[in-house]
Structure formats: C-alpha cells, structure tokens
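Undergrad: I'm passing along query-v4.txt; it holds compact mmCIF, C-alpha atoms and all ligand atoms.
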```txt
# COMPACT_ATOMS: atom_id res chain seq x y z
CA MET A 16 91.84 102.64 106.06
CA GLY A 17 91.34 105.32 103.48
CA ILE A 18 92.25 105.70 99.87
CA VAL A 19 95.26 107.09 98.05
CA LEU A 20 94.98 108.96 94.77
CA LYS A 21 97.99 109.70 92.61
CA PHE A 22 97.98 112.17 89.73
CA GLY A 23 100.61 112.17 87.00
CA GLY A 24 102.29 115.13 85.35
CA THR A 25 99.61 115.77 82.71
CA SER A 26 96.85 115.55 85.32
CA VAL A 27 98.42 118.49 87.15
CA GLY A 28 99.89 120.00 83.97
CA SER A 29 97.80 123.18 83.90
CA ALA A 30 95.54 125.29 86.10
CA ALA A 31 92.48 123.80 84.41
CA ASN A 32 93.67 120.26 85.09
CA MET A 33 94.53 121.07 88.70
CA ARG A 34 90.92 122.19 89.13
CA ARG A 35 89.78 118.82 87.80
CA VAL A 36 92.06 117.10 90.28
CA ALA A 37 90.63 119.16 93.13
CA SER A 38 87.11 118.08 92.28
CA ILE A 39 88.13 114.43 91.80
CA ILE A 40 89.78 114.16 95.19
CA LYS A 41 86.63 115.56 96.81
CA ASP A 42 84.36 113.18 94.87
CA GLU A 43 86.52 110.20 95.77
CA ARG A 44 87.11 111.39 99.34
CA ALA A 45 90.85 110.91 99.03
CA THR A 46 92.78 110.40 102.23
CA VAL A 47 96.22 111.04 100.74
CA THR A 48 96.76 112.67 97.35
CA VAL A 49 100.14 112.05 95.76
CA LEU A 50 101.26 114.41 93.00
CA SER A 51 103.89 114.30 90.27
CA ALA A 52 105.47 117.49 89.03
CA MET A 53 103.62 119.42 86.29
CA SER A 54 104.28 117.69 82.95
CA GLY A 55 107.65 118.48 81.42
CA THR A 56 109.14 119.71 84.70
CA THR A 57 111.31 116.74 85.58
CA ASP A 58 112.67 116.53 82.02
CA ALA A 59 113.55 120.23 82.20
CA LEU A 60 115.18 119.79 85.60
CA VAL A 61 117.20 116.84 84.32
CA LYS A 62 118.40 119.04 81.43
CA THR A 63 119.25 121.74 83.97
CA VAL A 64 121.31 119.26 85.97
CA VAL A 65 123.21 118.07 82.91
CA ALA A 66 123.87 121.65 81.82
CA ALA A 67 124.95 122.70 85.33
CA SER A 68 127.34 119.77 85.60
CA GLU A 69 128.92 120.87 82.30
CA GLY A 70 129.07 124.52 83.33
CA ASP A 71 126.61 125.45 80.56
CA ALA A 72 124.99 128.48 82.20
CA ALA A 73 123.03 129.46 79.10
CA THR A 74 121.07 126.20 79.03
CA VAL A 75 120.44 126.39 82.77
CA LYS A 76 118.99 129.87 82.29
CA GLU A 77 116.90 128.82 79.30
CA GLN A 78 115.35 125.85 81.16
CA LEU A 79 114.62 127.94 84.22
CA GLU A 80 112.98 130.66 82.18
CA MET A 81 110.76 128.08 80.53
CA LEU A 82 109.78 126.67 83.92
CA ARG A 83 109.23 130.12 85.40
CA ARG A 84 106.80 130.94 82.57
CA LYS A 85 104.99 127.64 83.03
CA TYR A 86 104.57 127.94 86.79
CA SER A 87 103.76 131.63 86.90
CA THR A 88 101.05 131.14 84.26
CA CYS A 89 99.58 128.31 86.29
CA ILE A 90 99.64 130.40 89.47
CA ALA A 91 98.04 133.37 87.72
CA GLU A 92 95.24 131.19 86.34
CA LEU A 93 94.66 129.11 89.44
CA LEU A 94 95.03 131.38 92.43
CA THR A 95 93.81 134.76 93.68
CA VAL A 96 94.33 135.49 97.38
CA ASN A 97 97.02 132.83 97.68
CA ALA A 98 98.82 133.91 94.50
CA PRO A 99 101.48 136.04 96.26
CA GLN A 100 102.30 133.15 98.59
CA ALA A 101 102.56 130.76 95.63
CA LEU A 102 104.85 133.14 93.74
CA GLU A 103 107.04 133.42 96.79
CA ARG A 104 107.12 129.62 97.04
CA MET A 105 108.03 129.44 93.36
CA GLU A 106 110.89 131.91 93.77
CA ALA A 107 112.17 129.91 96.73
CA SER A 108 112.37 126.80 94.53
CA PHE A 109 114.05 128.66 91.69
CA GLY A 110 116.48 130.18 94.19
CA VAL A 111 117.45 126.69 95.35
CA ILE A 112 117.89 125.52 91.76
CA GLU A 113 120.00 128.53 90.81
CA ARG A 114 122.28 128.21 93.82
CA GLN A 115 122.73 124.47 93.33
CA ALA A 116 123.40 124.92 89.61
CA ALA A 117 125.98 127.66 90.25
CA ALA A 118 127.92 125.63 92.82
CA PHE A 119 127.18 122.23 91.34
CA GLU A 120 128.05 119.25 93.46
CA CYS A 121 127.55 115.84 91.98
CA TYR A 122 124.65 113.84 93.43
CA THR A 123 123.51 116.35 96.08
CA SER A 124 122.83 119.20 93.65
CA GLU A 125 121.30 116.83 91.14
CA ARG A 126 118.82 115.36 93.62
CA THR A 127 118.01 118.72 95.18
CA ILE A 128 117.28 120.32 91.81
CA ILE A 129 115.16 117.41 90.58
CA SER A 130 113.03 117.37 93.76
CA GLN A 131 111.84 120.94 93.20
CA GLY A 132 109.24 119.92 90.59
CA GLU A 133 107.16 117.80 92.94
CA LEU A 134 107.72 120.17 95.88
CA LEU A 135 106.53 123.20 93.94
CA THR A 136 103.58 121.52 92.21
CA SER A 137 102.22 120.08 95.45
CA ALA A 138 102.61 123.44 97.22
CA ILE A 139 100.68 125.30 94.50
CA PHE A 140 97.93 122.69 94.45
CA THR A 141 97.55 122.82 98.24
CA LEU A 142 97.28 126.62 98.14
CA HIS A 143 94.48 126.19 95.62
CA LEU A 144 92.59 123.84 97.92
CA LEU A 145 93.06 126.12 100.92
CA GLU A 146 91.92 129.13 98.95
CA ASN A 147 88.71 127.27 98.21
CA GLY A 148 88.03 126.40 101.82
CA VAL A 149 89.12 122.77 101.62
CA LYS A 150 90.72 121.42 104.78
CA ALA A 151 94.07 120.44 103.28
CA VAL A 152 97.51 119.79 104.72
CA LEU A 153 100.70 119.56 102.70
CA LEU A 154 103.03 116.76 103.83
CA ASN A 155 106.73 116.78 103.00
CA ALA A 156 107.44 113.32 101.53
CA PRO A 157 111.09 113.13 102.69
CA ASP A 158 109.77 113.32 106.28
CA PHE A 159 108.23 109.85 105.93
CA MET A 160 109.59 108.27 102.73
CA ARG A 161 113.12 107.18 103.58
CA THR A 162 115.49 104.80 101.78
CA ASP A 163 118.46 102.80 103.04
CA ASP A 164 121.94 102.62 101.51
CA ARG A 165 120.70 100.19 98.84
CA GLY A 166 117.80 102.45 97.90
CA LYS A 167 115.17 100.30 99.62
CA VAL A 168 112.25 102.10 101.25
CA ASP A 169 111.91 101.76 105.03
CA THR A 170 108.27 100.64 105.18
CA ALA A 171 108.12 100.32 108.98
CA PHE A 172 109.22 103.95 109.35
CA LEU A 173 106.74 104.98 106.66
CA ARG A 174 103.86 103.27 108.45
CA GLU A 175 104.76 104.73 111.82
CA LYS A 176 105.20 108.26 110.48
CA LEU A 177 102.03 108.28 108.40
CA GLU A 178 99.98 107.05 111.30
CA THR A 179 100.64 110.26 113.19
CA LEU A 180 100.89 112.57 110.18
CA THR A 181 97.53 111.55 108.67
CA SER A 182 95.45 111.02 111.78
CA ASP A 183 92.66 113.49 111.04
CA GLY A 184 89.88 111.72 109.17
CA ASP A 185 88.43 114.75 107.38
CA THR A 186 91.61 116.40 106.18
CA TYR A 187 92.87 116.09 102.60
CA TYR A 188 96.54 115.24 102.87
CA ILE A 189 98.57 116.30 99.84
CA THR A 190 102.11 115.12 99.21
CA GLN A 191 104.82 114.63 96.61
CA GLY A 192 105.35 111.39 94.76
CA PHE A 193 108.81 110.38 93.56
CA ILE A 194 110.89 112.15 96.21
CA CYS A 195 112.27 110.76 99.44
CA ALA A 196 115.15 111.13 101.87
CA ASN A 197 118.17 108.86 101.45
CA HIS A 198 120.16 107.16 104.21
CA ARG A 199 122.27 110.31 104.61
CA GLY A 200 119.13 112.33 105.25
CA GLU A 201 119.45 114.23 101.95
CA VAL A 202 116.58 114.64 99.53
CA ASP A 203 116.62 111.93 96.88
CA ASN A 204 114.14 110.18 94.58
CA LEU A 205 112.78 106.75 93.70
CA GLY A 206 113.77 106.93 90.02
CA ARG A 207 111.94 108.31 87.00
CA GLY A 208 108.22 107.64 87.02
CA GLY A 209 108.49 106.71 90.69
CA SER A 210 105.47 108.61 91.96
CA ASP A 211 103.21 105.61 91.19
CA TYR A 212 105.44 103.62 93.49
CA SER A 213 105.17 106.33 96.18
CA ALA A 214 101.39 106.06 96.01
CA ALA A 215 101.45 102.26 96.33
CA LEU A 216 103.80 102.41 99.31
CA ILE A 217 101.64 105.03 101.00
CA GLY A 218 98.49 103.00 100.27
CA ALA A 219 100.05 99.94 101.87
CA ALA A 220 101.39 101.95 104.82
CA ILE A 221 98.00 103.39 105.75
CA GLY A 222 96.33 100.01 105.15
CA GLY A 223 94.27 101.67 102.44
CA SER A 224 91.27 100.12 100.75
CA GLU A 225 92.30 101.32 97.30
CA VAL A 226 95.10 103.03 95.39
CA GLN A 227 94.02 105.03 92.35
CA ILE A 228 96.55 106.03 89.71
CA TRP A 229 95.14 108.87 87.59
CA THR A 230 96.72 109.52 84.20
CA ASP A 231 95.57 110.82 80.85
CA ILE A 232 94.46 107.57 79.24
CA ASP A 233 91.55 105.27 79.92
CA GLY A 234 93.39 102.41 81.61
CA MET A 235 95.87 99.72 80.63
CA HIS A 236 95.42 98.71 76.99
CA ASN A 237 95.70 95.23 75.54
CA ASN A 238 98.56 96.44 73.35
CA ASP A 239 100.63 99.58 72.87
CA PRO A 240 98.37 102.21 71.23
CA ARG A 241 101.43 104.17 70.07
CA PHE A 242 102.44 101.36 67.72
CA VAL A 243 99.32 99.35 67.09
CA THR A 244 95.87 100.13 65.75
CA ASN A 245 92.68 98.70 67.33
CA THR A 246 93.73 98.44 70.94
CA TYR A 247 91.24 98.58 73.80
CA PRO A 248 91.39 99.18 77.57
CA ILE A 249 91.31 96.12 79.81
CA ARG A 250 88.73 96.41 82.58
CA ARG A 251 90.13 93.90 85.06
CA MET A 252 93.45 92.21 85.47
CA SER A 253 95.37 90.38 88.16
CA PHE A 254 98.30 91.80 90.10
CA ASP A 255 100.69 89.39 88.39
CA GLU A 256 99.55 90.32 84.93
CA ALA A 257 99.77 94.01 85.66
CA ALA A 258 103.21 93.62 87.19
CA GLU A 259 104.43 91.73 84.17
CA LEU A 260 102.95 94.22 81.71
CA ALA A 261 104.32 97.20 83.62
CA TYR A 262 107.74 95.60 83.87
CA PHE A 263 107.79 94.62 80.23
CA GLY A 264 106.92 97.99 78.83
CA ALA A 265 103.37 99.20 79.54
CA LYS A 266 104.14 102.86 80.16
CA ILE A 267 101.03 103.63 82.18
CA LEU A 268 102.34 102.20 85.44
CA HIS A 269 105.73 102.15 87.15
CA PRO A 270 106.68 98.46 87.47
CA ALA A 271 107.37 98.61 91.22
CA THR A 272 103.83 99.81 91.97
CA ILE A 273 102.13 96.43 92.15
CA GLN A 274 104.24 94.73 94.81
CA PRO A 275 103.22 96.68 97.96
CA CYS A 276 99.53 96.51 96.99
CA LYS A 277 99.58 92.86 96.01
CA GLU A 278 101.04 91.89 99.38
CA LEU A 279 98.05 93.39 101.18
CA GLY A 280 95.47 92.71 98.47
CA ILE A 281 94.81 96.43 97.95
CA PRO A 282 93.19 97.01 94.54
CA VAL A 283 94.98 99.41 92.19
CA LEU A 284 92.72 101.39 89.87
CA LEU A 285 93.99 103.10 86.74
CA ARG A 286 91.76 106.04 85.90
CA ASN A 287 91.60 108.94 83.49
CA THR A 288 91.65 112.51 84.84
CA MET A 289 90.24 113.80 81.55
CA GLU A 290 87.33 111.35 81.79
CA PRO A 291 86.63 110.64 85.46
CA SER A 292 83.46 108.66 84.81
CA ALA A 293 85.22 106.10 82.56
CA PRO A 294 85.73 102.72 84.30
CA GLY A 295 89.49 102.49 83.74
CA THR A 296 91.34 99.32 84.76
CA THR A 297 91.02 97.55 88.09
CA ILE A 298 94.01 95.49 89.18
CA SER A 299 93.25 93.06 91.99
CA ASP A 300 93.39 89.45 93.12
CA ASP A 301 90.44 88.63 90.88
CA ASP A 302 91.31 87.02 87.65
CA ASP A 303 89.43 87.86 84.55
CA SER A 304 89.75 84.35 83.21
CA GLY A 305 87.38 84.70 80.29
CA ARG A 306 90.10 84.99 77.69
CA ASP A 307 93.27 83.08 76.93
CA PHE A 308 95.21 86.17 75.91
CA HIS A 309 94.83 89.43 77.79
CA ALA A 310 97.52 91.83 76.68
CA VAL A 311 100.86 92.42 75.02
CA ALA A 312 103.62 94.86 75.97
CA ALA A 313 107.11 95.57 74.70
CA LYS A 314 110.21 96.94 76.32
CA ASP A 315 113.07 98.40 74.27
CA GLY A 316 116.73 98.97 74.95
CA ILE A 317 117.45 95.34 75.79
CA THR A 318 120.96 93.92 75.51
CA VAL A 319 121.40 90.18 75.12
CA ILE A 320 124.53 88.45 76.39
CA ARG A 321 125.30 84.89 75.24
CA ILE A 322 127.81 82.76 77.06
CA HIS A 323 129.10 79.65 75.30
CA SER A 324 131.00 77.26 77.47
CA THR A 325 131.56 73.54 77.41
CA ARG A 326 132.48 73.86 81.10
CA MET A 327 128.77 73.89 81.83
CA LEU A 328 128.35 70.39 80.40
CA MET A 329 127.09 68.26 83.28
CA ALA A 330 128.66 70.60 85.82
CA TYR A 331 126.97 72.25 88.75
CA GLY A 332 127.60 75.73 90.11
CA PHE A 333 128.17 77.27 86.68
CA LEU A 334 125.02 79.40 86.71
CA ARG A 335 125.85 80.61 90.20
CA GLN A 336 129.16 81.94 88.90
CA VAL A 337 127.34 83.71 86.08
CA PHE A 338 124.76 85.25 88.39
CA GLU A 339 127.39 86.40 90.84
CA VAL A 340 128.97 88.54 88.14
CA PHE A 341 125.67 90.37 87.66
CA GLU A 342 125.12 90.63 91.39
CA ARG A 343 128.52 92.22 91.93
CA HIS A 344 127.57 94.90 89.42
CA ARG A 345 124.05 95.29 90.84
CA THR A 346 122.57 94.59 87.42
CA PRO A 347 119.26 92.75 87.26
CA ILE A 348 118.73 90.05 84.64
CA ASP A 349 115.39 90.11 82.80
CA MET A 350 115.23 86.98 80.64
CA ILE A 351 117.32 83.86 80.77
CA THR A 352 117.43 80.66 78.75
CA THR A 353 119.95 77.86 79.05
CA SER A 354 121.09 74.78 77.20
CA GLU A 355 123.92 72.44 78.06
CA VAL A 356 126.54 74.57 76.37
CA ALA A 357 125.10 78.09 76.33
CA VAL A 358 123.34 80.61 78.53
CA SER A 359 121.58 83.63 77.05
CA LEU A 360 120.45 86.43 79.25
CA THR A 361 119.19 89.96 78.86
CA VAL A 362 119.68 93.20 80.76
CA ASP A 363 118.12 96.60 80.30
CA ASN A 364 120.71 98.45 82.32
CA ASP A 365 123.99 98.38 80.43
CA SER A 366 125.88 100.86 82.60
CA CYS A 367 128.28 98.15 83.81
CA LEU A 368 128.22 96.09 80.63
CA GLU A 369 131.94 96.33 79.90
CA GLU A 370 132.94 95.19 83.37
CA ILE A 371 130.36 92.41 83.31
CA VAL A 372 131.51 91.12 79.93
CA ALA A 373 135.16 91.23 81.01
CA GLU A 374 134.37 89.05 84.03
CA LEU A 375 132.15 86.68 82.04
CA ARG A 376 135.00 86.03 79.58
CA THR A 377 136.67 83.97 82.30
CA LEU A 378 133.69 81.59 82.04
CA GLY A 379 133.39 81.15 78.29
CA SER A 380 133.13 82.98 74.99
CA ILE A 381 130.78 85.94 74.98
CA GLU A 382 128.55 87.55 72.37
CA VAL A 383 126.71 90.81 72.99
CA GLU A 384 123.88 92.27 70.91
CA ARG A 385 122.16 95.57 71.63
CA ASP A 386 118.91 97.17 70.45
CA ASN A 387 116.54 94.34 71.18
CA SER A 388 113.00 94.40 72.51
CA ILE A 389 111.28 92.06 74.91
CA VAL A 390 107.71 91.30 73.89
CA CYS A 391 105.52 89.88 76.61
CA VAL A 392 102.15 88.21 76.03
CA VAL A 393 100.11 87.80 79.20
CA GLY A 394 96.97 85.78 79.75
CA ASN A 395 95.86 82.41 81.04
CA ILE A 396 98.51 80.46 79.20
CA GLY A 397 98.41 77.17 81.12
CA TYR A 398 100.63 74.41 79.72
CA ASP A 399 97.59 72.12 79.55
CA LYS A 400 95.74 74.43 77.19
CA LEU A 401 96.79 72.99 73.89
CA GLY A 402 97.75 75.17 70.98
CA LEU A 403 98.18 78.51 72.71
CA ALA A 404 101.94 78.70 72.19
CA ALA A 405 101.49 77.55 68.61
CA HIS A 406 98.93 80.30 68.12
CA ILE A 407 101.36 82.96 69.35
CA PHE A 408 104.26 81.71 67.24
CA ASP A 409 102.10 81.19 64.15
CA SER A 410 101.06 84.81 64.32
CA ILE A 411 104.66 86.01 64.39
CA ALA A 412 106.00 83.46 61.93
CA GLY A 413 107.48 86.32 59.89
CA VAL A 414 109.64 87.60 62.75
CA PRO A 415 113.07 86.20 63.67
CA VAL A 416 112.80 85.32 67.38
CA LYS A 417 116.04 85.39 69.38
CA MET A 418 114.91 84.05 72.76
CA ILE A 419 111.76 82.47 74.19
CA SER A 420 110.77 82.22 77.82
CA TYR A 421 107.80 80.35 79.24
CA GLY A 422 107.68 78.99 82.74
CA ALA A 423 105.66 78.02 85.71
CA SER A 424 103.66 81.21 86.05
CA HIS A 425 101.20 80.26 83.28
CA ARG A 426 100.85 84.00 83.03
CA SER A 427 103.08 84.92 80.16
CA ILE A 428 105.18 83.96 77.20
CA VAL A 429 108.07 86.31 76.62
CA VAL A 430 110.12 86.59 73.42
CA LEU A 431 113.15 88.62 72.46
CA ILE A 432 113.35 90.22 69.03
CA ASP A 433 115.43 92.83 67.27
CA THR A 434 113.75 96.20 67.91
CA ARG A 435 113.45 96.71 64.14
CA PHE A 436 110.69 94.07 64.20
CA LYS A 437 108.80 95.48 67.15
CA ARG A 438 105.95 97.24 65.37
CA GLN A 439 105.39 94.24 63.09
CA THR A 440 105.41 91.85 66.06
CA LEU A 441 102.97 93.90 68.12
CA GLN A 442 100.59 94.40 65.23
CA SER A 443 100.67 90.72 64.19
CA LEU A 444 99.97 89.62 67.75
CA ASN A 445 97.17 92.14 67.97
CA ASP A 446 95.59 90.98 64.74
CA HIS A 447 95.73 87.28 65.65
CA LEU A 448 95.29 87.01 69.41
CA PHE A 449 92.54 89.51 70.18
N1 LIG B 501 108.13 113.61 87.98
C1 LIG B 501 108.84 112.38 88.00
C2 LIG B 501 109.17 111.94 86.59
O1 LIG B 501 108.82 112.63 85.64
C3 LIG B 501 108.14 111.29 88.74
C4 LIG B 501 106.82 110.85 88.17
O2 LIG B 501 106.19 111.59 87.44
O3 LIG B 501 106.40 109.74 88.47
O4 LIG B 501 109.82 110.96 86.42
MG MG B 502 104.19 108.10 85.34
```
Please render this file's structure as structure tokens.
TA:
Amino acid sequence: MGIVLKFGGTSVGSAANMRRVASIIKDERATVTVLSAMSGTTDALVKTVVAASEGDAATVKEQLEMLRRKYSTCIAELLTVNAPQALERMEASFGVIERQAAAFECYTSERTIISQGELLTSAIFTLHLLENGVKAVLLNAPDFMRTDDRGKVDTAFLREKLETLTSDGDTYYITQGFICANHRGEVDNLGRGGSDYSAALIGAAIGGSEVQIWTDIDGMHNNDPRFVTNTYPIRRMSFDEAAELAYFGAKILHPATIQPCKELGIPVLLRNTMEPSAPGTTISDDDDSGRDFHAVAAKDGITVIRIHSTRMLMAYGFLRQVFEVFERHRTPIDMITTSEVAVSLTVDNDSCLEEIVAELRTLGSIEVERDNSIVCVVGNIGYDKLGLAAHIFDSIAGVPVKMISYGASHRSIVVLIDTRFKRQTLQSLNDHLF
C-alpha cells in the first residue's frame, strides 16, 4: 500500500517550485516521490551528447555553463546548511559529464550523461527535505529499475527490491524517474518522458492505492489547448481512453504509464503543482459514460506505407508476411486498414524505413508518404449508437481523410490526415463534438 507521486520538470524547475513539491508530498503523505530532472535539463544534456559525439567542445562547454548556472542558483535559493553538500554533489555530476564528453564512447557516455539530470535534481530535493527535518531517504533508481536486453522492465525484481528498500512506513522515499540499469548493469533510461512510466511501475510494484502525476496543467484536456480554443479539463476517464489519448498525442502523460496501473486497477491522478487544490483528472476503471465524445488528440510525424498487391486476393498468410517485415526491424505499426488488393499502415518511428520498404517491395508495389498526423476521437462510440460516425465525419467534411480506423473497442475512431490540416481538423471537431 501507499501512494506514489511523480513531479515533472517544471514542477521541480526552480527553488520555489521545489518548495511547493515538498509541501505537496507532505500533504498527500507520499510513500515514494519520483522526480524528473529540472525543466530544460534533459534537452541540454541531449545537446551535450550530440556535441560531444561530434567533438564540438565549445557547445559542450556552453551547455554545461548554462546548467551550472541553473543548478547553482537553485541550490543558493533552496538550501542553507546543506548547500555545500549540494554544490559538491553538483560538481560530482558535472565532473562525470565532462569526463564522459571528453572521452566519448557511444551509448555508454550518452546514457551516463543523460542520467545526471534526474540524479542531481533528486539529490538536491532530498537535501532540502532533510534540511527541514523531514525523514527522507534518496533511492538510486538503477538499483531497482532494471531492463532486459529488449528494454523490458523486470517487474518481479522491482517488486522484490522495493519491498525491502521502502519498508519504513513514515519515511519519504525520493527517487529518479526515467533512469534505470540495463541488462549489462550500466545506467540507461526508459526513453524521453519516461518518468511517468517509472512512477506507474513503482506504484504497481508497491501495490499502491494511487499514482499521482503532477505537471503544470490542470489535467487532461478534451482537445489540444496549444492548437484549439475553448478546451476544458476532463475530470474522469477510463484507463483505455487515457491510454489511447496518451498514445495518440496527449502530451501530458507518457503512453506507457497506463498499462501497469490498469492491470492492478490503481487509479492514476493527473494534478497541477501550480494549483494543488484543483481536481485534475482521475483515470480509473470507472467510465464517465455521460457523453458520447470525450476527447480528441493528435500525433504528428506519422509515415503511411501503402502496399498494393494482387497476391493478397483471396490468399492467406499475406498479412503475416507484411507484419514480419516490421517485426524484424522492431518497428511498431500504429494504424492499419486493408482491402482485397491493398494494405495501408502507419509508423511513427521511421529509423528503419528504407530497409522496411526494400523488403516490402518483394510483396507488392509500395507508396510512402510522410508528414501525416493521426487524429483520435475517444468516447463511448458504440456501433449501435446511430449517427456518431456521421457526426464526426460531417464536422471534418472539409478535410481530406487518408485513413479511417474503427474497431471493436467502441472507444475511439482514428483518422489519418496530412499534418497541414491538423489545426483545422482539431478545431472543427472541437466546435462540433463538444
Ligand atoms: N527528464 C526526462 C525527459 O525530459 C524524463 C521525463 O521528464 O519524464 O525526457
Ligand atoms: Mg513528461
């Protein structure tokens, strides 16, 4: 039992915000607190890695100076008696980064450098708690978060480790999101934005009653507020809806977060650090079935691949051959539609696109189009509710739609459009469906 709170980069982005976080974790009686790196850190570390790999020492220096200013300001504003220890900790991290950048080794240096953001932020925050008499313990995430050679987290190990590491009921355990140890025992990470996923895994591992994801907005919105006017936060949604929205573009939550919590029925709350009393969004088994349409999200950078082949006509095993190509290149497929002579599918990861297309050419003729967006409408869209699909497509009658997907989930209708039409599509859906 217990609850897990995770705070994103902005939530720990300054001394003032770290103080807010400290009071929130006490109010909520957090068992484990998972932290991202201070906002902007991971981007700067990624730039440092790129520069180091190209031997661009000037950029490395520039990024590190920026980070040094940021962290030393935070330490000066946040800490008194523990300030010297925090500065020492900061220099240790910068020392690691400098040494790795100078003798750059692909992969190992990259992962080591990138991990410093979360390591340093969580160390500073813990020193703040300790300085204020809070019983806090800093846990090193790679000691319990471990992945195998395919990048999958070892949840049995996680459970076992956390059971002993977090056994004291009145201690505040602080740890890093995002980072882990890989199968070689080196520090690694769960991918950008992965600290939400860390929190969900930890929540599931301790059999928590709740996982709270704290960011700087007031919950999941019914549409993307960056592109659309008149959006509003959704108070309740189901795990499936949230998973679909997160996967198809809602930036507030890492898409992998829902799975571990859904399996155990652990509610996930999205809350706002800048407004702790706001209700936020609660994601749980409960369905808010009052409305037909709940939300819309969009995901950019989608490549569509069309395969035309008369060999598929009345044949079996054709789709398996297609899927095997993607499997060999470890590339997930997002959307798929088929007819007797054509298969269209989409991918968001085009790192192996050339190889994939070359192999697919043995199956038929291939067309590739980049720069598309997936737009996902979620709600209670049962097939027996007449007119809902018509309502969606009426509202985007002015947009050329490239693919449509609607299936057994009753949860969503997904369309593919050229990214040029994204804003128009989102706004039209917003104006007509909500
Ligand atoms: N700091 C990492 C990132 O910026 C992980 C996270 O914030 O979730 O991607
Ligand atoms: Mg995030």
Undergrad: Have a look at A:Arg306, A:Ala357, A:Leu279, A:Ala171 and name the one nearest to Gly223 in chain A; count all atoms listed in the file.
TA: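 For Gly223 in chain A, the nearest of the candidates is A:Leu279.
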Undergrad: Which of these residues is nearest to Leu284 in chain A, using all atoms listed in the file: A:Asn32, A:Leu20, A:Lys76, A:Pro157?
TA: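 Nearest candidate to Leu284 in chain A out of A:Asn32, A:Leu20, A:Lys76, A:Pro157: A:Leu20.
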Undergrad: Quick check, in Å to one decimal: how far apart do CA of Ala156 in chain A and CA of Ala257 in chain A lie?
TA: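 Interatomic distance, CA of Ala156 in chain A to CA of Ala257 in chain A: 26.1 Å.
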Undergrad: I'd like to know which of A:Lys266, A:His447, A:Lys176, A:Arg84 is closest to ligand MG 502 (chain B), using all atoms listed in the file.
TA: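 Smallest separation from ligand MG 502 (chain B) among the options: A:Lys266.
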Undergrad: Please report, as CSV, each residue of chain A lying at most 12 Å from ligand LIG 501 (chain B), together with the nearest pair of atoms and the separation in Å rounded to one decimal; use all atoms listed in the file, and order rows by chain and ascending residue number.
TA:
```
residue,atom,partner,partner_atom,distance
A:Lys21,CA,B:LIG501,O3,9.4
A:Phe22,CA,B:LIG501,O2,8.5
A:Gly23,CA,B:LIG501,O2,5.6
A:Gly24,CA,B:LIG501,O2,5.7
A:Thr25,CA,B:LIG501,O2,9.1
A:Ser26,CA,B:LIG501,O2,10.4
A:Val27,CA,B:LIG501,O2,10.4
A:Gly28,CA,B:LIG501,O2,11.1
A:Val49,CA,B:LIG501,O3,9.9
A:Leu50,CA,B:LIG501,O2,7.9
A:Ser51,CA,B:LIG501,O2,4.5
A:Ala52,CA,B:LIG501,N1,4.8
A:Met53,CA,B:LIG501,N1,7.5
A:Ser54,CA,B:LIG501,O1,7.3
A:Gly55,CA,B:LIG501,O1,7.3
A:Thr56,CA,B:LIG501,N1,7.0
A:Thr57,CA,B:LIG501,O1,4.8
A:Asp58,CA,B:LIG501,O1,6.6
A:Ala59,CA,B:LIG501,O1,9.6
A:Leu60,CA,B:LIG501,O1,9.6
A:Val61,CA,B:LIG501,O1,9.5
A:Arg126,CA,B:LIG501,C1,11.8
A:Ile128,CA,B:LIG501,N1,12.0
A:Ile129,CA,B:LIG501,N1,8.4
A:Ser130,CA,B:LIG501,N1,8.5
A:Gln131,CA,B:LIG501,N1,9.7
A:Gly132,CA,B:LIG501,N1,6.9
A:Glu133,CA,B:LIG501,N1,6.6
A:Leu134,CA,B:LIG501,N1,10.3
A:Leu135,CA,B:LIG501,N1,11.4
A:Thr136,CA,B:LIG501,N1,10.1
A:Ser137,CA,B:LIG501,N1,11.5
A:Gln191,CA,B:LIG501,C3,9.2
A:Gly192,CA,B:LIG501,O3,6.6
A:Phe193,CA,B:LIG501,C3,5.0
A:Ile194,CA,B:LIG501,C3,8.0
A:Cys195,CA,B:LIG501,C3,11.5
A:Asp203,CA,B:LIG501,C3,11.8
A:Asn204,CA,B:LIG501,C3,8.4
A:Leu205,CA,B:LIG501,C3,8.2
A:Gly206,CA,B:LIG501,O4,6.7
A:Arg207,CA,B:LIG501,O4,3.4
A:Gly208,CA,B:LIG501,O3,3.1
A:Gly209,CA,B:LIG501,O3,4.3
A:Ser210,CA,B:LIG501,O3,3.8
A:Asp211,CA,B:LIG501,O3,5.9
A:Tyr212,CA,B:LIG501,O3,8.0
A:Ser213,CA,B:LIG501,O3,8.5
A:Ala214,CA,B:LIG501,O3,9.8
A:Ala215,CA,B:LIG501,O3,11.9
A:Ile228,CA,B:LIG501,O3,10.6
A:Trp229,CA,B:LIG501,O3,11.3
A:Thr230,CA,B:LIG501,O2,10.2
A:Lys266,CA,B:LIG501,O3,11.0
A:Ile267,CA,B:LIG501,O3,10.3
A:Leu268,CA,B:LIG501,O3,9.1
A:His269,CA,B:LIG501,O3,7.7
A:Pro270,CA,B:LIG501,O3,11.3
A:Ala271,CA,B:LIG501,O3,11.5
A:Thr272,CA,B:LIG501,O3,10.8
```
Undergrad: Which is closest to ligand MG 502 (chain B) among A:Ala405, A:Ala293, A:Ala261, A:Ile411, if we use all atoms listed in the file?
TA: A:Ala261
Undergrad: What does the distance from CA of Ala37 in chain A to CA of Ile298 in chain A come to in Å, to one decimal?
TA: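 It comes out at 24.2 Å.
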Undergrad: If you measure from CA of His198 in chain A to CA of Thr46 in chain A, what distance in Å do you get, rounded to one decimal?
TA: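 So the answer is 27.6 Å.
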